[in-house]
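Below is one structure, written out as structure tokens; comments come after it.
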Amino acid sequence: MKKFLLVVAFIAVLATIAACAPAATPVPTPAPLPTAAVPPTMPPTAVPKPTEAPKPTEAPKPTVAPTAIPPTAAPTAAPVKFGIVLVGPYNDHGWSEAHFIAANYVKSKLPGSDFIYIDKMNSADRPGTTLEQVVTDMASKGVKLIITTSDDFQTDTITAAQKHPELTFINASGDSAWKDGKSYKDIKNLGNFMGKMEYMKMVAGCTAALTTQTGKIGFLGPLINDETRRLADMAYLGAKYCWTTYAKKNVADLKFDVKWIGFWFNIPGVTLDPTKVANDFFNAGNDVVISGIDTTEALVVTGQRQAKGEKVWAVSYDFKDGCNEAPNACLGVPYFNWGPRYLKTVQAFAAGKWTASWDWDGPDWKDINNPDTGAVGFTFGKALSAANKTTVETFIKGLGDGSINLYKGPITLQDGTVYVKDGATATDKEIWYLPQLLQGMTGQSVQAK
């Protein structure tokens, strides 16, 4: 019995000591490893069911720095996590990939920052998926800043910004935050930015005019809107200037034809096939095609025909390394360098200093291919002759120092209306909202109904 009582007493003492002891310190769960890098050639992400909210993809670390972007810095406490919504595939070698690279640029310059993205956000690839679903999902993952990367998203971005005042939105290429613009909305959590690609399209037109041997240039365009009209117009103005000034040829002998496929890239059964349109240009006697779409069909077709012995050339678009698709056929690439503006925006947001604005960023004329400064640039292609390259560089210098001003009138619209009077210079508003193609160009100025 005593032994029993001693045992009971001993147990009681142990229980008392345990109750008074401090709680054990939990062992921290190790931070998850960074997401594995996605190779540039990986297949597109799976398309969700029409009624299913798509899942944004965690940003991978860049594997190769296609635009000389430094490696991602070692993770630290993340100051901000942002989201990007891409209209096309993240690896399209065009518009969407240029935005994807810019997001990685931010990661490389702002330690600890991170992003998630969803690509192929269009009615063909993701039928039934709405921007509201994407916004809700990104917000649930801690995203407070969302960049939508097409003017096709402008209306839905406005709606999302009004519905979610706790979030901040940027609509790249839109104009809803432009107080002097036609689409202005006073929304404190919505801004816009765009690069002045107009200048680089002038350069593209110049390379085409100096290279063509038939005097016939084709312009492969996407859908028709203010942006696409003005970019096609600027390509023509650059071509006309270099044709008459440097090549010393009659403007009447320059033919500049525009064909629109109906969207930013090929959607079978919905758009015209850009491969067929490019071939049609060459079959009609055009020997240079300037691309205005997000993808590379114009250059691919040109490379195929050149390999068969044809004297044909192309100008690609959007993506700095676009010439890689067919180097021997490529005169150059006017491209967007979104990185500096992305970084400035994310830094301001992280510091609590961001305010809604409309920003139309120009090139760095001291070095149009500086990845840390200018918003747009031009990669010279292997197919551009050394002599023509020198001439184009002279043209670029003139644009930069103002001695060449292609916005100076007279500028006449396709229907004969004088849009900018002789001696006057077009305003930003007149450039942004060019209502037609210009006199001397052939093609539709407005979408056929």
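FYI, nothing fancy with the structure tokens labels: chains A, B, ... in order, residues from 1 per chain, ligands from 1 as they appear.
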DSSP-assigned strand (DSSP E or B) members of region 153-268 of chain A, reported as number ranges by chain
A: 168-172, 190-195, 216-221, 255-260
How about saving the chosen residues, C-alpha atoms kept, as a short mmCIF file (atom, residue, chain, number, x, y, z; two decimals), in the first residue's frame?
data_model
loop_
_atom_site.label_atom_id
_atom_site.label_comp_id
_atom_site.auth_asym_id
_atom_site.auth_seq_id
_atom_site.Cartn_x
_atom_site.Cartn_y
_atom_site.Cartn_z
CA THR A 168 -4.61 49.25 -57.63
CA PHE A 169 -4.82 48.69 -61.38
CA ILE A 170 -2.74 49.66 -64.38
CA ASN A 171 -4.10 49.17 -67.89
CA ALA A 172 -1.16 49.18 -70.28
CA LEU A 190 -6.49 53.11 -61.98
CA GLY A 191 -3.63 54.34 -64.16
CA ASN A 192 -2.27 53.77 -67.68
CA PHE A 193 1.09 53.61 -69.36
CA MET A 194 2.23 53.10 -72.93
CA GLY A 195 5.46 53.39 -74.89
CA LYS A 216 5.69 47.76 -102.60
CA ILE A 217 5.43 47.35 -98.84
CA GLY A 218 2.78 45.32 -97.01
CA PHE A 219 1.67 46.03 -93.45
CA LEU A 220 0.21 43.05 -91.58
CA GLY A 221 -2.13 44.55 -89.01
CA LYS A 255 2.93 51.53 -102.47
CA PHE A 256 1.94 50.84 -98.87
CA ASP A 257 -0.88 48.34 -98.40
CA VAL A 258 -2.47 47.46 -95.04
CA LYS A 259 -4.32 44.21 -94.31
CA TRP A 260 -6.00 43.57 -90.96
#
Go through region 261-336 of chain A and flag each residue having an atom no more than 12 Å from region 229-240 of chain A; for those, report the closest pair of atoms plus their distance in Å to one decimal, using only C-alpha atoms, ordered by chain and rising number, as a Markdown table.
| residue | atom | partner | partner_atom | distance |
| --- | --- | --- | --- | --- |
| A:Val288 | CA | A:Ala239 | CA | 11.4 |
| A:Val289 | CA | A:Ala235 | CA | 11.2 |
| A:Ile290 | CA | A:Ala235 | CA | 8.4 |
| A:Ser291 | CA | A:Ala232 | CA | 9.5 |
| A:Gly292 | CA | A:Ala232 | CA | 7.6 |
| A:Ile293 | CA | A:Ala232 | CA | 11.0 |
| A:Val315 | CA | A:Ala235 | CA | 10.7 |
| A:Tyr317 | CA | A:Leu231 | CA | 11.2 |
| A:Pro334 | CA | A:Ala235 | CA | 10.5 |
Considering only C-alpha atoms, return as a ChimeraX atom specification whatever protein or nucleic-acid residues lie within 6 Å of Gly303 (chain A), sequence-local ones (same chain, fewer than 2 positions apart) excluded.
/A:300-301,305-306,326,329
Could you list, as a ChimeraX atom specification, every residue within 10 Å of Lys429 (chain A), counting only C-alpha atoms and ignoring same-chain residues fewer than 2 positions away?
/A:180-182,426-427,431-434
Write out as a PyMOL selection string all residues of region 377-444 of chain A that backbone DSSP assigns to helix (DSSP H, G or I).
chain A and resi 386-401+428-432
The residue from A:Lys311, A:Glu325, A:Tyr419, A:Asp372 with the smallest atom-to-atom distance to Leu343 (chain A), counting only C-alpha atoms, is A:Asp372
